[in-house]
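Student: Below you will find the structure I want to go over with you.
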Number of protein chains: 2
Amino acid sequence: MNERNETLHDELKRTRPFRSPTEEATVAILRTADVLRRRFAAVVAPYGITPQQYNVLRILRGARGKPLCTLAIGSRLIEQTPGVTRLLDRLERKGLVRRERCAQDRREVHCFITPAGLELLDRLDPAFEEAEDAALRGLDDDEVDGLLDRLARIRAAE
Amino acid sequence: MNERNETLHDELKRTRPFRSPTEEATVAILRTADVLRRRFAAVVAPYGITPQQYNVLRILRGARGKPLCTLAIGSRLIEQTPGVTRLLDRLERKGLVRRERCAQDRREVHCFITPAGLELLDRLDPAFEEAEDAALRGLDDDEVDGLLDRLARIRAAE
DNA sequence: CCCGAATACTTGACACGTCACCTATTCGCG
DNA sequence: CGCGAATAGGTGACGTGTCAAGTATTCGGG
């Protein structure tokens, strides 16, 4: 068992070895995602928002003024609608997002990012990008490429 | 841009390319973990528990009859105490876990898995292991090894 | 044109994760 | 021994993800 395995094994204070490389790999992916989530949460927290709220704001900014309805945001977040509705509720309460019932199809709710939201993103982006870069600092381009390829195949599995 | 990039780009319905390989990689890790979480949740749901509850039961089984106190379980889950307390509350309500105040040090709470808990794990393990194997089916041993190495370096970053 | 099916949410209930704070014990040192 | 610090947990409140239902609208076929 090499150093890397010792590390993950120790991180989890496991009393016995992994059943298989398969088990170790799934645990490693989940653990790594957790570490990243915490780092990103720490970056955005001082600005009074969460990583998910930051995601929504970026999605709305990406729409460049064109409205996005709740379902469209949800599909980009890979999340169920109910969660999105409440996420937008909180962002609206903070004045970072504006919503209005669509006149053409009154079932839809159009969402926009407000100037305050855009301003917050401007202040936040550098720190966020720095965190992304820092996380991958140890890998060279080929390694990142291989990582992306393997993860894509795992997502595609079954 | 290759096929793999197209895929992740499309999965998220993004309107513009990733800022950097770094951004793409962090998104890929978070997305992959999400996919795995959902698959595992689907495996354990028919048995009336969640993946986290399954984890706790496995940790307690690993103790082989020796008690584990709340903090010890939390450190293996990489989770704060409050969450663990309530996780155990739910497992105890289902009769899968038993708790008792330690007589030697009355601050501690000793946790054990019950026979019903062990029996549930026995029924659940094969399906769970099958899901783990299926997720990694597309990668050969060397690729899994490389993946583990890269993820470990990301977790260690900073 | 009308009604049942689809669509776009919304609400309620529950499982987590996290922070801030509080309680009960035990430790350790003067 | 006695008291303040450290340790183990529990509580409350909030953000988020998910399922099951419910509501408001629009669509589409007869």
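Here's how to read the names in the structure tokens: chain A, B, ... by the order shown, residue numbers from 1 in each chain, ligand numbers from 1 in the order shown.
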Would you mind listing what lies within 10 Å of DC27 of chain D as a list in words, with only C-alpha atoms (C1' of nucleotides) counted and same-chain residues fewer than 6 positions away left out?

Tutor: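 Final neighbour list, sorted by chain and number: DA5, DA6 and DT7 of chain C.
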
Student: Could you give me, as a tab-separated table, a per-residue list for chain A showing, wherever an atom lies at most 12 Å from an atom of chain C, the closest pair of atoms and their distance in Å to one decimal, using only C-alpha atoms (C1' of nucleotides) and sorting by chain then residue number from low to high?

Tutor:
```
residue	atom	partner	partner_atom	distance
A:Asp34	CA	C:DG17	C1'	11.0
A:Arg37	CA	C:DG17	C1'	11.5
A:Arg38	CA	C:DT18	C1'	10.4
A:Ala41	CA	C:DT18	C1'	10.7
A:Ala42	CA	C:DT18	C1'	11.6
A:Ala45	CA	C:DC19	C1'	11.6
A:Thr50	CA	C:DT18	C1'	11.6
A:Cys69	CA	C:DA8	C1'	9.0
A:Thr70	CA	C:DC9	C1'	7.9
A:Leu71	CA	C:DA8	C1'	7.5
A:Ala72	CA	C:DA8	C1'	10.6
A:Gly74	CA	C:DC9	C1'	11.7
A:Gln80	CA	C:DC9	C1'	11.3
A:Thr81	CA	C:DC9	C1'	7.7
A:Pro82	CA	C:DT10	C1'	7.5
A:Gly83	CA	C:DT10	C1'	10.7
A:Val84	CA	C:DC9	C1'	10.2
A:Thr85	CA	C:DT10	C1'	7.9
A:Arg86	CA	C:DT10	C1'	9.6
A:Asp89	CA	C:DT10	C1'	11.5
A:Arg101	CA	C:DC9	C1'	10.8
A:Cys102	CA	C:DA8	C1'	11.1
A:Asp105	CA	C:DA8	C1'	9.6
A:Arg106	CA	C:DA8	C1'	9.0
A:Arg107	CA	C:DA8	C1'	5.3
A:Glu108	CA	C:DA8	C1'	5.7
A:Val109	CA	C:DC9	C1'	8.1
A:His110	CA	C:DA8	C1'	11.2
```

Student: Residues of chain A within 7 Å of chain B, using only C-alpha atoms, as a compact mmCIF listing (two decimals) with N, CA and C atoms, in the first residue's frame?

Tutor:
```txt
# COMPACT_ATOMS: atom_id res chain seq x y z
N ARG A 4 -0.32 7.34 -0.79
CA ARG A 4 -1.62 7.92 -1.09
C ARG A 4 -2.74 7.13 -0.41
N LEU A 12 -10.07 8.89 7.05
CA LEU A 12 -11.35 8.36 7.50
C LEU A 12 -11.23 7.53 8.76
N LYS A 13 -10.02 7.44 9.31
CA LYS A 13 -9.80 6.67 10.54
C LYS A 13 -10.37 5.26 10.42
N THR A 22 -12.49 -0.19 -6.19
CA THR A 22 -13.78 0.41 -6.53
C THR A 22 -14.35 1.18 -5.36
N GLU A 23 -14.34 0.54 -4.19
CA GLU A 23 -14.87 1.20 -3.01
C GLU A 23 -14.01 2.41 -2.68
N ALA A 25 -12.22 4.21 -4.63
CA ALA A 25 -12.38 5.29 -5.60
C ALA A 25 -13.67 6.07 -5.36
N THR A 26 -14.76 5.37 -5.09
CA THR A 26 -16.01 6.10 -4.87
C THR A 26 -15.90 6.96 -3.60
N ALA A 28 -13.19 8.19 -2.43
CA ALA A 28 -12.27 9.29 -2.74
C ALA A 28 -12.98 10.42 -3.49
N ILE A 29 -13.84 10.06 -4.42
CA ILE A 29 -14.57 11.09 -5.17
C ILE A 29 -15.50 11.87 -4.25
N LEU A 30 -16.25 11.15 -3.43
CA LEU A 30 -17.18 11.82 -2.53
C LEU A 30 -16.43 12.71 -1.55
N THR A 32 -13.45 14.06 -1.90
CA THR A 32 -12.82 15.20 -2.58
C THR A 32 -13.85 16.28 -2.87
N ALA A 33 -15.03 15.86 -3.32
CA ALA A 33 -16.09 16.83 -3.60
C ALA A 33 -16.43 17.59 -2.32
N VAL A 35 -14.47 18.21 0.24
CA VAL A 35 -13.41 19.14 0.55
C VAL A 35 -13.56 20.41 -0.30
N ARG A 76 -29.91 23.62 -15.04
CA ARG A 76 -28.48 23.94 -15.05
C ARG A 76 -27.84 23.59 -13.71
N GLU A 132 -10.48 27.90 -7.11
CA GLU A 132 -10.50 26.82 -8.11
C GLU A 132 -9.09 26.50 -8.56
N ASP A 133 -8.34 27.54 -8.86
CA ASP A 133 -6.98 27.33 -9.33
C ASP A 133 -6.13 26.64 -8.27
N ALA A 134 -6.29 27.10 -7.02
CA ALA A 134 -5.48 26.57 -5.94
C ALA A 134 -5.71 25.06 -5.77
N ALA A 135 -6.96 24.66 -5.93
CA ALA A 135 -7.31 23.26 -5.71
C ALA A 135 -6.59 22.35 -6.71
N LEU A 136 -6.41 22.84 -7.93
CA LEU A 136 -5.83 22.02 -8.99
C LEU A 136 -4.35 22.30 -9.19
N GLY A 138 -1.70 21.34 -7.97
CA GLY A 138 -0.74 20.24 -7.96
C GLY A 138 -0.73 19.39 -9.22
N VAL A 144 -4.89 16.87 -15.45
CA VAL A 144 -6.25 17.40 -15.38
C VAL A 144 -7.09 16.80 -16.50
N LEU A 147 -7.98 13.29 -15.67
CA LEU A 147 -8.96 13.30 -14.58
C LEU A 147 -10.36 13.55 -15.15
N LEU A 148 -10.47 14.56 -16.02
CA LEU A 148 -11.77 14.90 -16.61
C LEU A 148 -12.32 13.71 -17.39
N ASP A 149 -11.44 13.06 -18.12
CA ASP A 149 -11.86 11.92 -18.92
C ASP A 149 -12.39 10.79 -18.04
N LEU A 151 -13.55 10.94 -14.93
CA LEU A 151 -14.78 11.33 -14.24
C LEU A 151 -15.97 11.28 -15.20
N ALA A 152 -15.73 11.71 -16.43
CA ALA A 152 -16.82 11.69 -17.42
C ALA A 152 -17.29 10.26 -17.64
N ARG A 153 -16.35 9.32 -17.67
CA ARG A 153 -16.75 7.92 -17.90
C ARG A 153 -17.50 7.36 -16.70
N ILE A 154 -17.16 7.83 -15.51
CA ILE A 154 -17.89 7.37 -14.33
C ILE A 154 -19.32 7.91 -14.36
N ARG A 155 -19.45 9.18 -14.72
CA ARG A 155 -20.81 9.74 -14.78
C ARG A 155 -21.64 9.04 -15.84
N ALA A 157 -21.36 5.97 -16.76
CA ALA A 157 -21.55 4.54 -16.50
C ALA A 157 -23.01 4.19 -16.25
N GLU A 158 -23.37 3.02 -16.70
CA GLU A 158 -24.73 2.47 -16.50
C GLU A 158 -25.75 3.30 -17.23
```

Student: Write out chain A, as a PDB file with C-alpha atoms, in the first residue's frame, after superposing it onto chain B by least squares using every C-alpha atom paired in order.

Tutor:
```
ATOM      1  CA  MET A   1     -12.834  20.591 -27.851  1.00  0.00           C
ATOM      2  CA  ASN A   2     -13.265  16.869 -27.635  1.00  0.00           C
ATOM      3  CA  GLU A   3     -16.277  14.673 -27.043  1.00  0.00           C
ATOM      4  CA  ARG A   4     -15.799  14.518 -23.285  1.00  0.00           C
ATOM      5  CA  ASN A   5     -15.871  18.276 -22.943  1.00  0.00           C
ATOM      6  CA  GLU A   6     -18.942  18.525 -25.075  1.00  0.00           C
ATOM      7  CA  THR A   7     -20.614  16.137 -22.718  1.00  0.00           C
ATOM      8  CA  LEU A   8     -20.027  17.980 -19.485  1.00  0.00           C
ATOM      9  CA  HIS A   9     -20.765  21.260 -21.199  1.00  0.00           C
ATOM     10  CA  ASP A  10     -24.050  19.869 -22.387  1.00  0.00           C
ATOM     11  CA  GLU A  11     -24.927  18.241 -19.085  1.00  0.00           C
ATOM     12  CA  LEU A  12     -24.974  21.678 -17.532  1.00  0.00           C
ATOM     13  CA  LYS A  13     -26.611  23.399 -20.514  1.00  0.00           C
ATOM     14  CA  ARG A  14     -23.906  26.029 -20.325  1.00  0.00           C
ATOM     15  CA  THR A  15     -24.132  28.880 -22.768  1.00  0.00           C
ATOM     16  CA  ARG A  16     -20.410  29.587 -22.791  1.00  0.00           C
ATOM     17  CA  PRO A  17     -17.200  27.619 -22.394  1.00  0.00           C
ATOM     18  CA  PHE A  18     -15.409  27.018 -19.133  1.00  0.00           C
ATOM     19  CA  ARG A  19     -13.117  29.778 -17.965  1.00  0.00           C
ATOM     20  CA  SER A  20     -10.285  27.318 -17.487  1.00  0.00           C
ATOM     21  CA  PRO A  21      -9.483  23.617 -17.176  1.00  0.00           C
ATOM     22  CA  THR A  22      -9.406  24.349 -13.470  1.00  0.00           C
ATOM     23  CA  GLU A  23     -13.020  25.445 -13.426  1.00  0.00           C
ATOM     24  CA  GLU A  24     -14.047  22.509 -15.550  1.00  0.00           C
ATOM     25  CA  ALA A  25     -12.270  20.056 -13.288  1.00  0.00           C
ATOM     26  CA  THR A  26     -13.836  21.335 -10.079  1.00  0.00           C
ATOM     27  CA  VAL A  27     -17.265  21.266 -11.688  1.00  0.00           C
ATOM     28  CA  ALA A  28     -16.600  17.749 -12.949  1.00  0.00           C
ATOM     29  CA  ILE A  29     -15.660  16.501  -9.491  1.00  0.00           C
ATOM     30  CA  LEU A  30     -18.700  18.046  -7.842  1.00  0.00           C
ATOM     31  CA  ARG A  31     -20.995  16.752 -10.574  1.00  0.00           C
ATOM     32  CA  THR A  32     -19.562  13.256 -10.450  1.00  0.00           C
ATOM     33  CA  ALA A  33     -19.921  13.080  -6.672  1.00  0.00           C
ATOM     34  CA  ASP A  34     -23.531  14.163  -7.102  1.00  0.00           C
ATOM     35  CA  VAL A  35     -24.212  11.417  -9.607  1.00  0.00           C
ATOM     36  CA  LEU A  36     -22.687   8.827  -7.280  1.00  0.00           C
ATOM     37  CA  ARG A  37     -24.645  10.118  -4.301  1.00  0.00           C
ATOM     38  CA  ARG A  38     -27.894   9.783  -6.198  1.00  0.00           C
ATOM     39  CA  ARG A  39     -27.098   6.259  -7.334  1.00  0.00           C
ATOM     40  CA  PHE A  40     -26.246   5.141  -3.828  1.00  0.00           C
ATOM     41  CA  ALA A  41     -29.330   6.840  -2.437  1.00  0.00           C
ATOM     42  CA  ALA A  42     -31.428   4.917  -4.948  1.00  0.00           C
ATOM     43  CA  VAL A  43     -29.827   1.653  -3.832  1.00  0.00           C
ATOM     44  CA  VAL A  44     -30.462   2.094  -0.114  1.00  0.00           C
ATOM     45  CA  ALA A  45     -33.811   3.891  -0.315  1.00  0.00           C
ATOM     46  CA  PRO A  46     -35.858   0.691  -0.784  1.00  0.00           C
ATOM     47  CA  TYR A  47     -34.490  -0.449   2.574  1.00  0.00           C
ATOM     48  CA  GLY A  48     -35.770   2.675   4.310  1.00  0.00           C
ATOM     49  CA  ILE A  49     -32.447   4.321   5.026  1.00  0.00           C
ATOM     50  CA  THR A  50     -30.216   6.992   3.472  1.00  0.00           C
ATOM     51  CA  PRO A  51     -26.589   6.708   2.375  1.00  0.00           C
ATOM     52  CA  GLN A  52     -25.422   8.547   5.501  1.00  0.00           C
ATOM     53  CA  GLN A  53     -27.343   6.183   7.734  1.00  0.00           C
ATOM     54  CA  TYR A  54     -25.830   3.279   5.841  1.00  0.00           C
ATOM     55  CA  ASN A  55     -22.386   4.770   6.467  1.00  0.00           C
ATOM     56  CA  VAL A  56     -23.010   5.060  10.176  1.00  0.00           C
ATOM     57  CA  LEU A  57     -24.202   1.476  10.371  1.00  0.00           C
ATOM     58  CA  ARG A  58     -21.097   0.277   8.560  1.00  0.00           C
ATOM     59  CA  ILE A  59     -18.868   2.261  10.867  1.00  0.00           C
ATOM     60  CA  LEU A  60     -20.572   0.720  13.886  1.00  0.00           C
ATOM     61  CA  ARG A  61     -20.357  -2.752  12.415  1.00  0.00           C
ATOM     62  CA  GLY A  62     -16.656  -2.139  11.836  1.00  0.00           C
ATOM     63  CA  ALA A  63     -16.249  -1.591  15.575  1.00  0.00           C
ATOM     64  CA  ARG A  64     -17.181  -5.268  16.071  1.00  0.00           C
ATOM     65  CA  GLY A  65     -19.185  -4.894  19.236  1.00  0.00           C
ATOM     66  CA  LYS A  66     -16.945  -2.295  20.814  1.00  0.00           C
ATOM     67  CA  PRO A  67     -18.819   0.932  21.530  1.00  0.00           C
ATOM     68  CA  LEU A  68     -18.116   4.087  19.545  1.00  0.00           C
ATOM     69  CA  CYS A  69     -19.033   7.459  20.953  1.00  0.00           C
ATOM     70  CA  THR A  70     -20.658  10.231  18.961  1.00  0.00           C
ATOM     71  CA  LEU A  71     -17.490  12.172  18.267  1.00  0.00           C
ATOM     72  CA  ALA A  72     -15.679   9.066  17.012  1.00  0.00           C
ATOM     73  CA  ILE A  73     -18.447   8.414  14.516  1.00  0.00           C
ATOM     74  CA  GLY A  74     -18.418  12.046  13.482  1.00  0.00           C
ATOM     75  CA  SER A  75     -14.713  12.056  12.763  1.00  0.00           C
ATOM     76  CA  ARG A  76     -15.098   9.023  10.512  1.00  0.00           C
ATOM     77  CA  LEU A  77     -17.966  10.701   8.679  1.00  0.00           C
ATOM     78  CA  ILE A  78     -16.066  13.977   8.485  1.00  0.00           C
ATOM     79  CA  GLU A  79     -19.082  15.700   9.898  1.00  0.00           C
ATOM     80  CA  GLN A  80     -19.860  18.048  12.750  1.00  0.00           C
ATOM     81  CA  THR A  81     -21.226  16.566  15.952  1.00  0.00           C
ATOM     82  CA  PRO A  82     -24.700  18.105  15.776  1.00  0.00           C
ATOM     83  CA  GLY A  83     -25.441  16.287  12.557  1.00  0.00           C
ATOM     84  CA  VAL A  84     -24.218  13.017  14.022  1.00  0.00           C
ATOM     85  CA  THR A  85     -26.413  13.333  17.095  1.00  0.00           C
ATOM     86  CA  ARG A  86     -29.505  13.693  14.959  1.00  0.00           C
ATOM     87  CA  LEU A  87     -28.410  10.987  12.553  1.00  0.00           C
ATOM     88  CA  LEU A  88     -28.131   8.624  15.519  1.00  0.00           C
ATOM     89  CA  ASP A  89     -31.514   9.819  16.811  1.00  0.00           C
ATOM     90  CA  ARG A  90     -33.138   8.626  13.594  1.00  0.00           C
ATOM     91  CA  LEU A  91     -31.271   5.334  13.521  1.00  0.00           C
ATOM     92  CA  GLU A  92     -32.214   4.679  17.133  1.00  0.00           C
ATOM     93  CA  ARG A  93     -35.862   5.414  16.354  1.00  0.00           C
ATOM     94  CA  LYS A  94     -35.685   2.755  13.632  1.00  0.00           C
ATOM     95  CA  GLY A  95     -34.167   0.281  16.078  1.00  0.00           C
ATOM     96  CA  LEU A  96     -30.945  -0.058  14.086  1.00  0.00           C
ATOM     97  CA  VAL A  97     -28.730   1.515  16.728  1.00  0.00           C
ATOM     98  CA  ARG A  98     -28.598   1.496  20.517  1.00  0.00           C
ATOM     99  CA  ARG A  99     -27.084   4.235  22.704  1.00  0.00           C
ATOM    100  CA  GLU A 100     -26.184   4.407  26.337  1.00  0.00           C
ATOM    101  CA  ARG A 101     -24.537   6.952  28.555  1.00  0.00           C
ATOM    102  CA  CYS A 102     -21.060   5.733  29.508  1.00  0.00           C
ATOM    103  CA  ALA A 103     -20.814   5.002  33.231  1.00  0.00           C
ATOM    104  CA  GLN A 104     -17.081   5.745  33.494  1.00  0.00           C
ATOM    105  CA  ASP A 105     -17.324   9.123  31.766  1.00  0.00           C
ATOM    106  CA  ARG A 106     -20.878  10.319  31.804  1.00  0.00           C
ATOM    107  CA  ARG A 107     -20.181  12.932  29.118  1.00  0.00           C
ATOM    108  CA  GLU A 108     -19.806  10.196  26.536  1.00  0.00           C
ATOM    109  CA  VAL A 109     -22.564   8.322  24.739  1.00  0.00           C
ATOM    110  CA  HIS A 110     -21.715   4.828  23.582  1.00  0.00           C
ATOM    111  CA  CYS A 111     -23.285   3.673  20.326  1.00  0.00           C
ATOM    112  CA  PHE A 112     -23.776   0.121  19.074  1.00  0.00           C
ATOM    113  CA  ILE A 113     -25.405  -1.411  16.047  1.00  0.00           C
ATOM    114  CA  THR A 114     -28.339  -3.681  16.907  1.00  0.00           C
ATOM    115  CA  PRO A 115     -28.989  -7.160  15.487  1.00  0.00           C
ATOM    116  CA  ALA A 116     -31.661  -5.590  13.276  1.00  0.00           C
ATOM    117  CA  GLY A 117     -29.024  -3.168  12.023  1.00  0.00           C
ATOM    118  CA  LEU A 118     -26.584  -5.947  11.242  1.00  0.00           C
ATOM    119  CA  GLU A 119     -29.266  -7.900   9.484  1.00  0.00           C
ATOM    120  CA  LEU A 120     -30.159  -4.883   7.359  1.00  0.00           C
ATOM    121  CA  LEU A 121     -26.505  -4.391   6.381  1.00  0.00           C
ATOM    122  CA  ASP A 122     -26.264  -8.025   5.335  1.00  0.00           C
ATOM    123  CA  ARG A 123     -29.196  -7.598   2.999  1.00  0.00           C
ATOM    124  CA  LEU A 124     -27.907  -4.277   1.693  1.00  0.00           C
ATOM    125  CA  ASP A 125     -24.201  -4.901   1.160  1.00  0.00           C
ATOM    126  CA  PRO A 126     -24.386  -6.850  -2.111  1.00  0.00           C
ATOM    127  CA  ALA A 127     -26.493  -4.204  -3.849  1.00  0.00           C
ATOM    128  CA  PHE A 128     -24.266  -1.428  -2.565  1.00  0.00           C
ATOM    129  CA  GLU A 129     -21.064  -3.109  -3.671  1.00  0.00           C
ATOM    130  CA  GLU A 130     -22.588  -3.829  -7.035  1.00  0.00           C
ATOM    131  CA  ALA A 131     -23.347  -0.102  -7.422  1.00  0.00           C
ATOM    132  CA  GLU A 132     -19.767   0.788  -6.521  1.00  0.00           C
ATOM    133  CA  ASP A 133     -18.396  -1.688  -9.007  1.00  0.00           C
ATOM    134  CA  ALA A 134     -20.779  -0.574 -11.731  1.00  0.00           C
ATOM    135  CA  ALA A 135     -19.722   3.045 -11.371  1.00  0.00           C
ATOM    136  CA  LEU A 136     -16.069   2.217 -11.988  1.00  0.00           C
ATOM    137  CA  ARG A 137     -16.669  -0.491 -14.589  1.00  0.00           C
ATOM    138  CA  GLY A 138     -15.370   1.675 -17.404  1.00  0.00           C
ATOM    139  CA  LEU A 139     -11.919   2.185 -15.889  1.00  0.00           C
ATOM    140  CA  ASP A 140      -9.080  -0.301 -15.765  1.00  0.00           C
ATOM    141  CA  ASP A 141      -6.861  -0.737 -12.697  1.00  0.00           C
ATOM    142  CA  ASP A 142      -4.231   1.762 -13.796  1.00  0.00           C
ATOM    143  CA  GLU A 143      -6.825   4.385 -14.497  1.00  0.00           C
ATOM    144  CA  VAL A 144      -8.409   3.928 -11.090  1.00  0.00           C
ATOM    145  CA  ASP A 145      -4.983   4.200  -9.548  1.00  0.00           C
ATOM    146  CA  GLY A 146      -4.227   7.429 -11.373  1.00  0.00           C
ATOM    147  CA  LEU A 147      -7.614   8.802 -10.427  1.00  0.00           C
ATOM    148  CA  LEU A 148      -7.010   8.088  -6.731  1.00  0.00           C
ATOM    149  CA  ASP A 149      -3.632   9.740  -6.919  1.00  0.00           C
ATOM    150  CA  ARG A 150      -4.942  12.919  -8.526  1.00  0.00           C
ATOM    151  CA  LEU A 151      -7.886  13.221  -6.154  1.00  0.00           C
ATOM    152  CA  ALA A 152      -5.585  12.757  -3.175  1.00  0.00           C
ATOM    153  CA  ARG A 153      -3.409  15.618  -4.395  1.00  0.00           C
ATOM    154  CA  ILE A 154      -6.448  17.850  -4.802  1.00  0.00           C
ATOM    155  CA  ARG A 155      -7.595  17.114  -1.267  1.00  0.00           C
ATOM    156  CA  ALA A 156      -4.107  17.796   0.013  1.00  0.00           C
ATOM    157  CA  ALA A 157      -3.796  21.089  -1.868  1.00  0.00           C
ATOM    158  CA  GLU A 158      -3.315  24.238   0.186  1.00  0.00           C
TER     159      GLU A 158
END
```

Student: Calculated over only C-alpha atoms (C1' of nucleotides), which of the candidates D:DA21, D:DG9, D:DG15, D:DT26 has the smallest distance to chain B?

Tutor: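 So, comparing all the options, the nearest one is D:DG9.
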
Student: As a list of chain:residue names, please: every residue in chain A that DSSP puts in strand (DSSP E or B).

Tutor: A:Leu68, A:Cys69, A:Val97, A:Arg98, A:Arg99, A:Glu100, A:Arg101, A:Val109, A:His110, A:Cys111, A:Phe112, A:Ile113

Student: Would you output that residue set with C-alpha atoms, as an mmCIF file, in the first residue's frame?

Tutor:
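Dumped to selection14.cif:
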```cif
data_model
loop_
_atom_site.group_PDB
_atom_site.id
_atom_site.type_symbol
_atom_site.label_atom_id
_atom_site.label_comp_id
_atom_site.auth_asym_id
_atom_site.auth_seq_id
_atom_site.Cartn_x
_atom_site.Cartn_y
_atom_site.Cartn_z
ATOM 1 C CA LEU A 68 -34.541 32.526 -17.195
ATOM 2 C CA CYS A 69 -37.471 30.702 -15.687
ATOM 3 C CA VAL A 97 -32.498 38.544 -7.878
ATOM 4 C CA ARG A 98 -35.778 39.830 -9.280
ATOM 5 C CA ARG A 99 -38.727 37.669 -10.380
ATOM 6 C CA GLU A 100 -41.843 38.388 -12.332
ATOM 7 C CA ARG A 101 -44.708 36.334 -13.627
ATOM 8 C CA VAL A 109 -41.712 32.964 -13.579
ATOM 9 C CA HIS A 110 -38.955 35.008 -15.156
ATOM 10 C CA CYS A 111 -35.814 35.531 -13.091
ATOM 11 C CA PHE A 112 -33.150 38.209 -13.486
ATOM 12 C CA ILE A 113 -30.044 39.146 -11.578
#
```

Student: Write out as JSON lines a residue-level contact list of chain D versus chain B with cut-off 12 Å: for each qualifying residue the closest pair of atoms and the distance in Å to one decimal, counting only C-alpha atoms (C1' of nucleotides), rows sorted by chain and residue number upward.

Tutor:
```
{"residue": "D:DT7", "atom": "C1'", "partner": "B:Arg107", "partner_atom": "CA", "distance": 8.0}
{"residue": "D:DA8", "atom": "C1'", "partner": "B:Arg107", "partner_atom": "CA", "distance": 5.1}
{"residue": "D:DG9", "atom": "C1'", "partner": "B:Arg107", "partner_atom": "CA", "distance": 7.2}
{"residue": "D:DG10", "atom": "C1'", "partner": "B:Pro82", "partner_atom": "CA", "distance": 7.4}
{"residue": "D:DT11", "atom": "C1'", "partner": "B:Pro82", "partner_atom": "CA", "distance": 8.7}
{"residue": "D:DG12", "atom": "C1'", "partner": "B:Pro82", "partner_atom": "CA", "distance": 11.0}
{"residue": "D:DG17", "atom": "C1'", "partner": "B:Arg38", "partner_atom": "CA", "distance": 10.6}
{"residue": "D:DT18", "atom": "C1'", "partner": "B:Arg38", "partner_atom": "CA", "distance": 10.5}
{"residue": "D:DC19", "atom": "C1'", "partner": "B:Ala45", "partner_atom": "CA", "distance": 11.8}
```

Student: Would you return as a PyMOL selection string the members of segment 16-148 of chain B that DSSP assigns to alpha helix (DSSP H) on this structure's backbone?

Tutor: chain B and resi 21-44+51-62+70-77+81-93+115-136+141-148
